[in-house]
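Novice: Contents of data.cif (mmCIF, C-alpha atoms) are below:
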data_upload
loop_
_atom_site.group_PDB
_atom_site.id
_atom_site.type_symbol
_atom_site.label_atom_id
_atom_site.label_comp_id
_atom_site.auth_asym_id
_atom_site.auth_seq_id
_atom_site.Cartn_x
_atom_site.Cartn_y
_atom_site.Cartn_z
ATOM 1 C CA MET A 1 0.434 0.926 16.121
ATOM 2 C CA PHE A 2 -2.595 -0.189 18.146
ATOM 3 C CA GLN A 3 -0.778 -3.427 18.944
ATOM 4 C CA TYR A 4 2.281 -1.416 19.952
ATOM 5 C CA ASN A 5 0.030 0.528 22.326
ATOM 6 C CA LEU A 6 -1.077 -2.728 23.965
ATOM 7 C CA TYR A 7 2.553 -3.871 24.196
ATOM 8 C CA SER A 8 3.511 -0.597 25.890
ATOM 9 C CA PHE A 9 0.493 -0.767 28.198
ATOM 10 C CA LEU A 10 1.436 -4.284 29.331
ATOM 11 C CA ARG A 11 4.996 -3.173 30.052
ATOM 12 C CA GLU A 12 3.616 -0.475 32.343
ATOM 13 C CA ARG A 13 1.011 -2.708 33.943
ATOM 14 C CA TYR A 14 3.443 -5.565 34.649
ATOM 15 C CA PRO A 15 6.852 -3.902 35.172
ATOM 16 C CA ARG A 16 8.471 -7.100 36.491
ATOM 17 C CA ALA A 17 7.302 -9.242 33.584
ATOM 18 C CA GLN A 18 9.158 -9.802 30.334
ATOM 19 C CA VAL A 19 6.896 -8.323 27.667
ATOM 20 C CA ARG A 20 7.949 -9.118 24.119
ATOM 21 C CA ALA A 21 6.515 -8.314 20.690
ATOM 22 C CA ASP A 22 6.074 -11.071 18.121
ATOM 23 C CA VAL A 23 6.635 -9.409 14.735
ATOM 24 C CA THR A 24 7.247 -12.619 12.774
ATOM 25 C CA TRP A 25 3.898 -12.274 10.956
ATOM 26 C CA PHE A 26 5.542 -9.482 8.970
ATOM 27 C CA TYR A 27 8.287 -11.835 7.789
ATOM 28 C CA THR A 28 5.809 -13.204 5.238
ATOM 29 C CA ASP A 29 3.277 -10.389 4.869
ATOM 30 C CA ASP A 30 4.108 -6.869 3.718
ATOM 31 C CA GLU A 31 0.548 -5.536 3.423
ATOM 32 C CA HIS A 32 0.439 -1.748 3.809
ATOM 33 C CA HIS A 33 4.239 -1.504 3.491
ATOM 34 C CA GLY A 34 4.887 -4.198 6.098
ATOM 35 C CA PHE A 35 6.476 -3.634 9.494
ATOM 36 C CA GLU A 36 7.494 0.019 9.717
ATOM 37 C CA LEU A 37 7.465 0.896 13.415
ATOM 38 C CA ARG A 38 11.220 0.706 13.895
ATOM 39 C CA ARG A 39 12.035 2.534 10.664
ATOM 40 C CA ILE A 40 9.701 5.417 11.477
ATOM 41 C CA PHE A 41 9.727 5.821 15.254
ATOM 42 C CA GLU A 42 12.984 4.370 16.536
ATOM 43 C CA ASN A 43 15.878 6.761 17.207
ATOM 44 C CA VAL A 44 13.783 9.909 16.808
ATOM 45 C CA PRO A 45 15.258 12.543 19.179
ATOM 46 C CA GLY A 46 13.178 12.846 22.337
ATOM 47 C CA SER A 47 11.083 9.762 21.600
ATOM 48 C CA LYS A 48 10.331 7.173 24.290
ATOM 49 C CA PHE A 49 9.674 4.453 21.704
ATOM 50 C CA ARG A 50 10.794 1.004 22.795
ATOM 51 C CA LEU A 51 10.165 -2.387 21.238
ATOM 52 C CA ASP A 52 11.660 -5.643 22.496
ATOM 53 C CA GLU A 53 11.105 -8.390 19.953
ATOM 54 C CA ALA A 54 10.489 -11.980 21.030
ATOM 55 C CA THR A 55 12.911 -14.686 19.962
ATOM 56 C CA THR A 56 11.819 -17.836 18.152
ATOM 57 C CA LYS A 57 12.374 -19.811 21.360
ATOM 58 C CA GLU A 58 10.290 -17.398 23.446
ATOM 59 C CA ILE A 59 7.396 -17.480 20.966
ATOM 60 C CA TYR A 60 7.366 -21.269 20.870
ATOM 61 C CA SER A 61 7.636 -21.695 24.642
ATOM 62 C CA VAL A 62 4.645 -19.419 25.229
ATOM 63 C CA SER A 63 2.358 -20.083 22.250
ATOM 64 C CA GLY A 64 3.220 -23.684 21.426
ATOM 65 C CA GLN A 65 3.685 -22.670 17.775
ATOM 66 C CA ILE A 66 6.920 -22.484 15.804
ATOM 67 C CA PRO A 67 7.084 -19.067 14.106
ATOM 68 C CA THR A 68 8.784 -18.388 10.797
ATOM 69 C CA PRO A 69 12.342 -17.809 12.040
ATOM 70 C CA ILE A 70 13.768 -15.980 9.018
ATOM 71 C CA LYS A 71 13.044 -12.923 6.900
ATOM 72 C CA GLY A 72 13.521 -12.565 3.178
ATOM 73 C CA PRO A 73 12.435 -14.478 0.061
ATOM 74 C CA LEU A 74 12.573 -17.920 1.716
ATOM 75 C CA ALA A 75 10.338 -16.945 4.644
ATOM 76 C CA GLY A 76 7.128 -17.938 2.841
ATOM 77 C CA THR A 77 8.486 -21.377 2.011
ATOM 78 C CA VAL A 78 9.574 -21.957 5.601
ATOM 79 C CA LYS A 79 6.151 -20.885 6.868
ATOM 80 C CA PHE A 80 4.488 -23.329 4.469
ATOM 81 C CA LEU A 81 6.737 -26.187 5.615
ATOM 82 C CA LEU A 82 6.017 -25.407 9.271
ATOM 83 C CA GLY A 83 2.253 -25.508 8.664
ATOM 84 C CA PRO A 84 1.713 -29.262 9.266
ATOM 85 C CA VAL A 85 3.969 -29.185 12.337
ATOM 86 C CA ASN A 86 2.061 -26.314 13.892
ATOM 87 C CA ARG A 87 -1.276 -27.983 13.152
ATOM 88 C CA LYS A 88 -0.115 -31.020 15.117
ATOM 89 C CA LEU A 89 0.998 -28.793 17.954
ATOM 90 C CA ARG A 90 -2.393 -27.059 18.036
ATOM 91 C CA GLU A 91 -4.143 -30.425 18.169
ATOM 92 C CA ALA A 92 -2.036 -31.298 21.199
ATOM 93 C CA GLY A 93 -3.730 -28.525 23.160
ATOM 94 C CA LYS A 94 -2.213 -26.673 26.076
ATOM 95 C CA ILE A 95 1.483 -27.016 26.763
ATOM 96 C CA GLU A 96 2.569 -27.928 30.257
ATOM 97 C CA LYS A 97 6.080 -26.990 31.258
ATOM 98 C CA SER A 98 7.627 -26.851 34.726
ATOM 99 C CA GLY A 99 4.157 -27.152 36.235
ATOM 100 C CA ARG A 100 2.881 -23.957 34.601
ATOM 101 C CA THR A 101 0.187 -23.619 31.981
ATOM 102 C CA PHE A 102 0.941 -21.498 28.936
ATOM 103 C CA ASP A 103 -2.285 -19.808 27.907
ATOM 104 C CA ALA A 104 -3.239 -18.167 24.624
ATOM 105 C CA LEU A 105 -5.683 -15.267 24.786
ATOM 106 C CA SER A 106 -7.795 -14.268 21.820
ATOM 107 C CA GLU A 107 -8.762 -10.750 20.786
ATOM 108 C CA LYS A 108 -12.125 -11.349 22.476
ATOM 109 C CA ILE A 109 -10.603 -11.026 25.946
ATOM 110 C CA SER A 110 -11.732 -7.924 27.781
ATOM 111 C CA TYR A 111 -9.657 -4.957 28.811
ATOM 112 C CA GLU A 112 -10.490 -5.777 32.438
ATOM 113 C CA ASP A 113 -9.057 -9.280 32.023
ATOM 114 C CA LEU A 114 -5.836 -7.893 30.572
ATOM 115 C CA CYS A 115 -5.548 -5.680 33.642
ATOM 116 C CA SER A 116 -5.659 -8.693 35.955
ATOM 117 C CA LEU A 117 -3.390 -11.305 34.400
ATOM 118 C CA ASP A 118 -1.658 -13.800 36.664
ATOM 119 C CA PRO A 119 2.030 -12.801 36.649
ATOM 120 C CA GLY A 120 2.890 -16.410 37.504
ATOM 121 C CA LYS A 121 1.831 -17.531 34.022
ATOM 122 C CA ASN A 122 3.050 -16.827 30.509
ATOM 123 C CA TYR A 123 0.595 -15.506 27.929
ATOM 124 C CA TYR A 124 0.522 -15.178 24.181
ATOM 125 C CA ILE A 125 -1.881 -12.337 23.387
ATOM 126 C CA PHE A 126 -3.061 -11.665 19.849
ATOM 127 C CA GLY A 127 -5.595 -9.371 18.238
ATOM 128 C CA PHE A 128 -5.972 -5.807 16.951
ATOM 129 C CA PHE A 129 -6.943 -3.923 20.147
ATOM 130 C CA ILE A 130 -8.359 -0.866 18.376
ATOM 131 C CA GLU A 131 -11.071 -0.238 20.981
ATOM 132 C CA GLU A 132 -10.883 3.007 22.932
ATOM 133 C CA ASP A 133 -10.435 1.233 26.283
ATOM 134 C CA TYR A 134 -6.901 0.285 25.326
ATOM 135 C CA TYR A 135 -5.619 3.752 24.463
ATOM 136 C CA ARG A 136 -7.990 6.354 25.954
ATOM 137 C CA ASP A 137 -5.890 6.843 29.102
ATOM 138 C CA ARG A 138 -2.578 6.493 27.237
ATOM 139 C CA VAL A 139 -2.909 9.159 24.558
ATOM 140 C CA ASP A 140 -0.351 11.487 26.137
ATOM 141 C CA LYS A 141 2.113 8.622 26.555
ATOM 142 C CA LEU A 142 1.540 7.471 22.968
ATOM 143 C CA LYS A 143 2.408 10.961 21.765
ATOM 144 C CA GLN A 144 5.734 10.603 23.582
ATOM 145 C CA GLU A 145 6.405 7.131 22.166
ATOM 146 C CA LEU A 146 5.167 7.467 18.579
ATOM 147 C CA VAL A 147 7.072 10.595 17.615
ATOM 148 C CA PHE A 148 7.400 11.189 13.884
ATOM 149 C CA PRO A 149 10.750 12.142 12.356
ATOM 150 C CA PRO A 150 11.088 15.865 11.561
ATOM 151 C CA LEU A 151 9.396 17.042 8.384
ATOM 152 C CA THR A 152 11.452 18.407 5.530
ATOM 153 C CA GLY A 153 10.942 20.029 2.146
ATOM 154 C CA GLU A 154 7.410 20.254 0.770
ATOM 155 C CA ASN A 155 5.938 18.431 3.758
ATOM 156 C CA LYS A 156 7.404 20.963 6.185
ATOM 157 C CA SER A 157 6.123 23.863 4.093
ATOM 158 C CA LEU A 158 2.661 22.308 4.115
ATOM 159 C CA ALA A 159 2.757 21.721 7.892
ATOM 160 C CA ASP A 160 3.847 25.321 8.498
ATOM 161 C CA LYS A 161 0.895 26.502 6.407
ATOM 162 C CA MET A 162 -1.501 24.232 8.315
ATOM 163 C CA GLU A 163 -0.284 25.685 11.601
ATOM 164 C CA LYS A 164 -1.204 29.232 10.514
ATOM 165 C CA GLU A 165 -4.701 28.293 9.307
ATOM 166 C CA ASN A 166 -7.791 26.644 10.720
ATOM 167 C CA SER A 167 -6.686 23.510 8.917
ATOM 168 C CA VAL A 168 -8.941 20.462 8.650
ATOM 169 C CA SER A 169 -7.819 17.117 7.259
ATOM 170 C CA ILE A 170 -10.194 14.900 5.272
ATOM 171 C CA HIS A 171 -9.207 11.264 4.732
ATOM 172 C CA VAL A 172 -10.814 9.339 1.869
ATOM 173 C CA ARG A 173 -9.904 5.662 1.765
ATOM 174 C CA ARG A 174 -10.766 3.611 -1.270
ATOM 175 C CA GLY A 175 -8.002 1.469 -2.809
ATOM 176 C CA ASP A 176 -8.026 -1.883 -1.005
ATOM 177 C CA TYR A 177 -11.643 -1.356 0.160
ATOM 178 C CA LEU A 178 -12.667 -1.777 -3.484
ATOM 179 C CA SER A 179 -10.616 -4.943 -3.947
ATOM 180 C CA GLN A 180 -12.085 -8.430 -4.120
ATOM 181 C CA THR A 181 -10.579 -9.185 -0.710
ATOM 182 C CA TYR A 182 -12.371 -6.391 1.148
ATOM 183 C CA ALA A 183 -15.365 -5.500 -1.020
ATOM 184 C CA GLY A 184 -18.556 -6.154 0.923
ATOM 185 C CA ARG A 185 -16.736 -6.083 4.271
ATOM 186 C CA PHE A 186 -15.570 -2.470 4.476
ATOM 187 C CA LEU A 187 -17.601 0.558 3.477
ATOM 188 C CA CYS A 188 -16.349 3.158 1.046
ATOM 189 C CA LEU A 189 -17.775 6.280 2.634
ATOM 190 C CA GLU A 190 -19.938 8.320 0.297
ATOM 191 C CA ARG A 191 -20.487 12.017 -0.255
ATOM 192 C CA ASP A 192 -23.267 12.278 2.344
ATOM 193 C CA TYR A 193 -20.843 11.438 5.175
ATOM 194 C CA TYR A 194 -18.284 14.006 4.085
ATOM 195 C CA GLU A 195 -20.898 16.708 3.461
ATOM 196 C CA GLU A 196 -22.316 16.251 6.962
ATOM 197 C CA ALA A 197 -18.818 16.177 8.492
ATOM 198 C CA VAL A 198 -17.894 19.421 6.704
ATOM 199 C CA ARG A 199 -21.163 21.023 7.852
ATOM 200 C CA ILE A 200 -20.312 20.184 11.472
ATOM 201 C CA ILE A 201 -16.794 21.528 11.104
ATOM 202 C CA LYS A 202 -18.063 24.811 9.623
ATOM 203 C CA GLU A 203 -20.406 25.212 12.600
ATOM 204 C CA LYS A 204 -17.523 24.880 15.028
ATOM 205 C CA ILE A 205 -14.520 26.388 13.206
ATOM 206 C CA GLU A 206 -14.282 29.782 11.564
ATOM 207 C CA ASN A 207 -12.847 29.892 8.038
ATOM 208 C CA PRO A 208 -11.737 26.246 7.833
ATOM 209 C CA VAL A 209 -9.191 25.266 5.202
ATOM 210 C CA PHE A 210 -9.497 21.650 4.048
ATOM 211 C CA TYR A 211 -6.673 19.255 3.153
ATOM 212 C CA ILE A 212 -7.793 16.029 1.479
ATOM 213 C CA PHE A 213 -5.683 12.884 1.750
ATOM 214 C CA SER A 214 -6.420 9.849 -0.410
ATOM 215 C CA GLU A 215 -4.707 7.210 -2.514
ATOM 216 C CA ASP A 216 -7.347 7.868 -5.201
ATOM 217 C CA GLY A 217 -6.574 11.409 -6.337
ATOM 218 C CA GLU A 218 -8.742 11.272 -9.454
ATOM 219 C CA TYR A 219 -11.794 10.252 -7.424
ATOM 220 C CA VAL A 220 -11.217 13.091 -4.963
ATOM 221 C CA LYS A 221 -10.882 15.679 -7.744
ATOM 222 C CA ARG A 222 -14.157 14.495 -9.245
ATOM 223 C CA GLU A 223 -16.260 13.866 -6.142
ATOM 224 C CA PHE A 224 -15.159 16.819 -3.993
ATOM 225 C CA SER A 225 -15.835 19.540 -6.567
ATOM 226 C CA TRP A 226 -18.540 20.841 -4.200
ATOM 227 C CA LEU A 227 -15.970 21.704 -1.512
ATOM 228 C CA ASP A 228 -14.293 25.101 -1.632
ATOM 229 C CA ASN A 229 -11.035 26.165 -0.002
ATOM 230 C CA LYS A 230 -9.388 22.772 -0.338
ATOM 231 C CA THR A 231 -5.989 21.303 -1.167
ATOM 232 C CA ILE A 232 -5.505 17.720 -2.347
ATOM 233 C CA VAL A 233 -2.335 16.322 -0.768
ATOM 234 C CA ASN A 234 -0.641 13.759 -3.030
ATOM 235 C CA ILE A 235 3.085 14.228 -2.418
ATOM 236 C CA ASN A 236 3.810 11.161 -0.277
ATOM 237 C CA LYS A 237 4.161 7.704 -1.812
ATOM 238 C CA GLY A 238 5.786 4.377 -0.922
ATOM 239 C CA ASN A 239 8.123 4.631 2.079
ATOM 240 C CA ASP A 240 6.980 8.210 2.660
ATOM 241 C CA SER A 241 3.291 7.310 2.937
ATOM 242 C CA PHE A 242 3.390 7.668 6.725
ATOM 243 C CA ARG A 243 3.978 11.390 6.226
ATOM 244 C CA ASP A 244 0.275 11.729 5.348
ATOM 245 C CA MET A 245 -0.602 10.513 8.840
ATOM 246 C CA GLN A 246 1.900 12.962 10.276
ATOM 247 C CA LEU A 247 0.442 15.863 8.290
ATOM 248 C CA MET A 248 -3.120 14.945 9.297
ATOM 249 C CA SER A 249 -2.028 15.011 12.936
ATOM 250 C CA LYS A 250 -0.873 18.619 12.410
ATOM 251 C CA CYS A 251 -4.326 19.877 11.377
ATOM 252 C CA LYS A 252 -6.586 21.732 13.821
ATOM 253 C CA ALA A 253 -9.404 19.246 13.139
ATOM 254 C CA ASN A 254 -9.756 15.856 11.474
ATOM 255 C CA ILE A 255 -12.495 14.278 9.373
ATOM 256 C CA ILE A 256 -11.426 10.659 9.371
ATOM 257 C CA ALA A 257 -12.425 7.669 7.265
ATOM 258 C CA ASN A 258 -13.321 4.206 8.525
ATOM 259 C CA SER A 259 -9.596 3.574 8.647
ATOM 260 C CA THR A 260 -7.124 3.173 11.481
ATOM 261 C CA PHE A 261 -4.663 5.271 9.442
ATOM 262 C CA SER A 262 -6.577 8.522 9.918
ATOM 263 C CA GLN A 263 -7.912 7.391 13.302
ATOM 264 C CA LEU A 264 -4.347 7.234 14.597
ATOM 265 C CA ALA A 265 -3.584 10.614 13.049
ATOM 266 C CA ALA A 266 -6.451 12.043 15.113
ATOM 267 C CA ILE A 267 -5.328 10.242 18.271
ATOM 268 C CA LEU A 268 -1.811 11.662 17.874
ATOM 269 C CA ASN A 269 -3.110 15.160 17.097
ATOM 270 C CA ASP A 270 -1.497 17.535 19.591
ATOM 271 C CA ASN A 271 -3.559 20.655 18.854
ATOM 272 C CA PRO A 272 -5.410 21.799 22.003
ATOM 273 C CA GLY A 273 -9.166 21.240 21.754
ATOM 274 C CA HIS A 274 -8.982 19.650 18.311
ATOM 275 C CA ILE A 275 -12.146 18.132 16.819
ATOM 276 C CA THR A 276 -12.429 14.715 15.182
ATOM 277 C CA VAL A 277 -15.445 13.700 13.103
ATOM 278 C CA TYR A 278 -15.680 9.930 12.632
ATOM 279 C CA PRO A 279 -18.153 7.625 10.838
ATOM 280 C CA ALA A 280 -20.860 5.688 12.637
ATOM 281 C CA LYS A 281 -20.146 2.632 10.477
ATOM 282 C CA TYR A 282 -16.683 1.177 10.040
ATOM 283 C CA MET A 283 -17.556 -2.103 8.349
ATOM 284 C CA ALA A 284 -20.506 -2.971 6.177
ATOM 285 C CA ASP A 285 -22.237 -5.142 8.770
ATOM 286 C CA GLU A 286 -21.465 -3.462 12.104
ATOM 287 C CA GLU A 287 -21.469 -0.111 13.844
ATOM 288 C CA THR A 288 -18.359 1.748 14.917
ATOM 289 C CA GLU A 289 -17.832 1.894 18.671
ATOM 290 C CA VAL A 290 -18.969 5.136 20.291
ATOM 291 C CA ARG A 291 -15.875 7.063 21.357
ATOM 292 C CA THR A 292 -15.961 9.131 24.520
ATOM 293 C CA MET A 293 -12.827 11.230 24.158
ATOM 294 C CA PRO A 294 -13.396 15.004 24.174
ATOM 295 C CA GLY A 295 -13.933 16.504 20.732
ATOM 296 C CA TRP A 296 -14.846 13.241 18.943
ATOM 297 C CA ILE A 297 -18.129 13.558 17.019
ATOM 298 C CA ARG A 298 -19.914 10.551 15.492
ATOM 299 C CA VAL A 299 -21.720 10.950 12.152
#
How does this structure look as structure tokens?
Specialist:
Amino acid sequence: MFQYNLYSFLRERYPRAQVRADVTWFYTDDEHHGFELRRIFENVPGSKFRLDEATTKEIYSVSGQIPTPIKGPLAGTVKFLLGPVNRKLREAGKIEKSGRTFDALSEKISYEDLCSLDPGKNYYIFGFFIEEDYYRDRVDKLKQELVFPPLTGENKSLADKMEKENSVSIHVRRGDYLSQTYAGRFLCLERDYYEEAVRIIKEKIENPVFYIFSEDGEYVKREFSWLDNKTIVNINKGNDSFRDMQLMSKCKANIIANSTFSQLAAILNDNPGHITVYPAKYMADEETEVRTMPGWIRV
């Protein structure tokens, strides 16, 4: 979703350029349910969502790399077979075609540089782009583009209840942060963070009602016994997991984890004057950027 924001920003910034999204990484990687943007946000009534995907030819002509051209069970094999070819292409350096240089920009490029690209060149831009610079001035537009499908059933009942209360979401992310892959890189936020966040909320909101979202329900039941007036939300699994983000965005305030999942819920929150409490540390070895948007409080 942050990468979609950059894609949409570039379309606005360079209206005469052809801006395309390379989604071929998802052909061989389905981490966190894989590529879901189209399934969730496309064709929602009133939405301004738009995503033009790059072709294999376009990706190669700009990046100098041959992407995995197919989806499905054979995609991993094709990617493996293309590995040696792409290594040779990388060793060849920049590609020259028709007198124009095709540049590749890393995630280290600044926001200012992205605002002053040469429209006479082609660029392949990659990275995460989660910094506030990229979305701070686009929040209202993002809310028009990333429109969730209407809620139904138990989710709708819960959202209706949240609307009538001083509802506060709490996101607790554990799961993959405890895995061998991520352990030591990402923090699992402890009780002291959530206690301080709740204290701040209670100073600013009268009679808050807390809704806790986590993939580790047993941990939440055990570790949040100190918190009164709470509901543990555990109704959305698998393809419906995005509904948790949608429900968090409905709350009057958000206590987010060091996770882009709840961060995006807070960004898409449409409640006037809503408050977001966020952690000072995102990863184990570095601080979280200081956010300047109104109502965001760093703990």
Novice: Using only C-alpha atoms, I'd like a table of the residues in range 117-169 of chain A that come within 6 Å of range 204-223 of chain A; for each, show the closest atom pair and its distance in Å rounded to one decimal, ordered by chain and ascending number, as a tab-separated table.
Specialist:
residue	atom	partner	partner_atom	distance
A:Asn166	CA	A:Pro208	CA	4.9
A:Ser167	CA	A:Val209	CA	4.8
A:Val168	CA	A:Phe210	CA	4.8
A:Ser169	CA	A:Tyr211	CA	4.8
Novice: Once the PyMOL selection byres ((chain A and resi 265) around 7) has been evaluated on this model, what residues remain selected, and can you format them as a ChimeraX atom specification?
Specialist: /A:245-246,248-249,261-264,266-269
Novice: Carefully work through the PyMOL selection byres ((chain A and resi 29) around 12) for this structure and note down the residues it includes, as a PDB file with C-alpha atoms, in the frame of the given file.
Specialist:
ATOM      1  CA  VAL A  23       6.635  -9.409  14.735  1.00  0.00           C
ATOM      2  CA  THR A  24       7.247 -12.619  12.774  1.00  0.00           C
ATOM      3  CA  TRP A  25       3.898 -12.274  10.956  1.00  0.00           C
ATOM      4  CA  PHE A  26       5.542  -9.482   8.970  1.00  0.00           C
ATOM      5  CA  TYR A  27       8.287 -11.835   7.789  1.00  0.00           C
ATOM      6  CA  THR A  28       5.809 -13.204   5.238  1.00  0.00           C
ATOM      7  CA  ASP A  30       4.108  -6.869   3.718  1.00  0.00           C
ATOM      8  CA  GLU A  31       0.548  -5.536   3.423  1.00  0.00           C
ATOM      9  CA  HIS A  32       0.439  -1.748   3.809  1.00  0.00           C
ATOM     10  CA  HIS A  33       4.239  -1.504   3.491  1.00  0.00           C
ATOM     11  CA  GLY A  34       4.887  -4.198   6.098  1.00  0.00           C
ATOM     12  CA  PHE A  35       6.476  -3.634   9.494  1.00  0.00           C
ATOM     13  CA  THR A  68       8.784 -18.388  10.797  1.00  0.00           C
ATOM     14  CA  LYS A  71      13.044 -12.923   6.900  1.00  0.00           C
ATOM     15  CA  GLY A  72      13.521 -12.565   3.178  1.00  0.00           C
ATOM     16  CA  PRO A  73      12.435 -14.478   0.061  1.00  0.00           C
ATOM     17  CA  ALA A  75      10.338 -16.945   4.644  1.00  0.00           C
ATOM     18  CA  GLY A  76       7.128 -17.938   2.841  1.00  0.00           C
ATOM     19  CA  LYS A  79       6.151 -20.885   6.868  1.00  0.00           C
TER      20      LYS A  79
END
Novice: Could you tell me, as a list in words, exactly which residues end up selected when the PyMOL selection byres ((chain A and resi 173) around 9) is applied to this structure?
Specialist: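 Taken over the shown coordinates, the PyMOL selection byres ((chain A and resi 173) around 9) returns His171, Val172, Arg174, Gly175, Asp176, Tyr177, Cys188, Leu189, Phe213, Ser214, Glu215, Asp216, Ala257, Asn258 and Ser259 of chain A.
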Novice: Nearest to Val62 in chain A: which of A:Arg20, A:Arg39, A:Lys88, A:Lys48 is it, counting only C-alpha atoms?
Specialist: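 Among A:Arg20, A:Arg39, A:Lys88, A:Lys48, it is A:Arg20 that comes nearest to Val62 in chain A.
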Novice: Counting all atoms listed in the file, write as a list in words all protein and nucleic acid residues lying at most 12 Å from (-15.2, 27.7, -0.4) in the file's frame.
Specialist: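 The residues near that point, listed by chain and number, are Val198, Lys202, Asn207, Pro208, Val209, Phe210, Phe224, Ser225, Trp226, Leu227, Asp228, Asn229, Lys230 and Thr231 of chain A.
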Novice: Interatomic distance between CA of Pro67 in chain A and CA of Leu82 in chain A?
Specialist: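 Separation between CA of Pro67 in chain A and CA of Leu82 in chain A: 8.0 Å.
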Novice: What's around range 285-291 of chain A at 8 Å? Count only C-alpha atoms, leave out sequence neighbours fewer than 3 positions away in its own chain, and write the answer as a list in words.
Specialist: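 The filter keeps Glu131, Glu132, Arg185, Pro279, Ala280, Lys281, Tyr282, Trp296 and Arg298 of chain A.
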Novice: Kindly indicate which residue among A:Leu10, A:Val277, A:Met162, A:Ile297 lies nearest to Ile256 in chain A, using only C-alpha atoms for the distances.
Specialist: A:Val277
Novice: I'd like to know which of A:Ile170, A:Asn122, A:Ile275, A:Pro149 is closest to Glu203 in chain A, using all atoms listed in the file.
Specialist: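 Between A:Ile170, A:Asn122, A:Ile275, A:Pro149, the residue approaching Glu203 in chain A most closely is A:Ile275.
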Novice: Quick one: residues within 12 Å of (-10.7, 3.8, 31.6) (file frame), counting all atoms listed in the file, please, as an mmCIF file with C-alpha atoms, in the frame of the given file.
Specialist:
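Final output, part.cif:
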data_model
loop_
_atom_site.group_PDB
_atom_site.id
_atom_site.type_symbol
_atom_site.label_atom_id
_atom_site.label_comp_id
_atom_site.auth_asym_id
_atom_site.auth_seq_id
_atom_site.Cartn_x
_atom_site.Cartn_y
_atom_site.Cartn_z
ATOM 1 C CA TYR A 111 -9.657 -4.957 28.811
ATOM 2 C CA GLU A 112 -10.490 -5.777 32.438
ATOM 3 C CA CYS A 115 -5.548 -5.680 33.642
ATOM 4 C CA GLU A 131 -11.071 -0.238 20.981
ATOM 5 C CA GLU A 132 -10.883 3.007 22.932
ATOM 6 C CA ASP A 133 -10.435 1.233 26.283
ATOM 7 C CA TYR A 134 -6.901 0.285 25.326
ATOM 8 C CA TYR A 135 -5.619 3.752 24.463
ATOM 9 C CA ARG A 136 -7.990 6.354 25.954
ATOM 10 C CA ASP A 137 -5.890 6.843 29.102
ATOM 11 C CA ARG A 138 -2.578 6.493 27.237
ATOM 12 C CA VAL A 139 -2.909 9.159 24.558
ATOM 13 C CA ARG A 291 -15.875 7.063 21.357
ATOM 14 C CA THR A 292 -15.961 9.131 24.520
ATOM 15 C CA MET A 293 -12.827 11.230 24.158
#
Novice: Using all atoms listed in the file, can you tell me which of A:Ala159, A:Ile40, A:Ala17, A:Ala92 comes closest to Lys121 in chain A?
Specialist: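 Between A:Ala159, A:Ile40, A:Ala17, A:Ala92, the residue approaching Lys121 in chain A most closely is A:Ala17.
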Novice: Could you please determine the separation between CA of Gly127 in chain A and CA of Ile109 in chain A in Å, to one decimal place?
Specialist: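 These two atoms are separated by 9.3 Å.
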Novice: Pick from A:Ser8, A:His274, A:Phe49, A:Cys251: nearest to Leu146 in chain A, with all atoms listed in the file counted?
Specialist: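 Among the listed residues, A:Phe49 lies closest to Leu146 in chain A.
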Novice: If you measure from CA of Ser47 in chain A to CA of Asn236 in chain A, what distance in Å do you get, rounded to one decimal?
Specialist: 23.1 Å
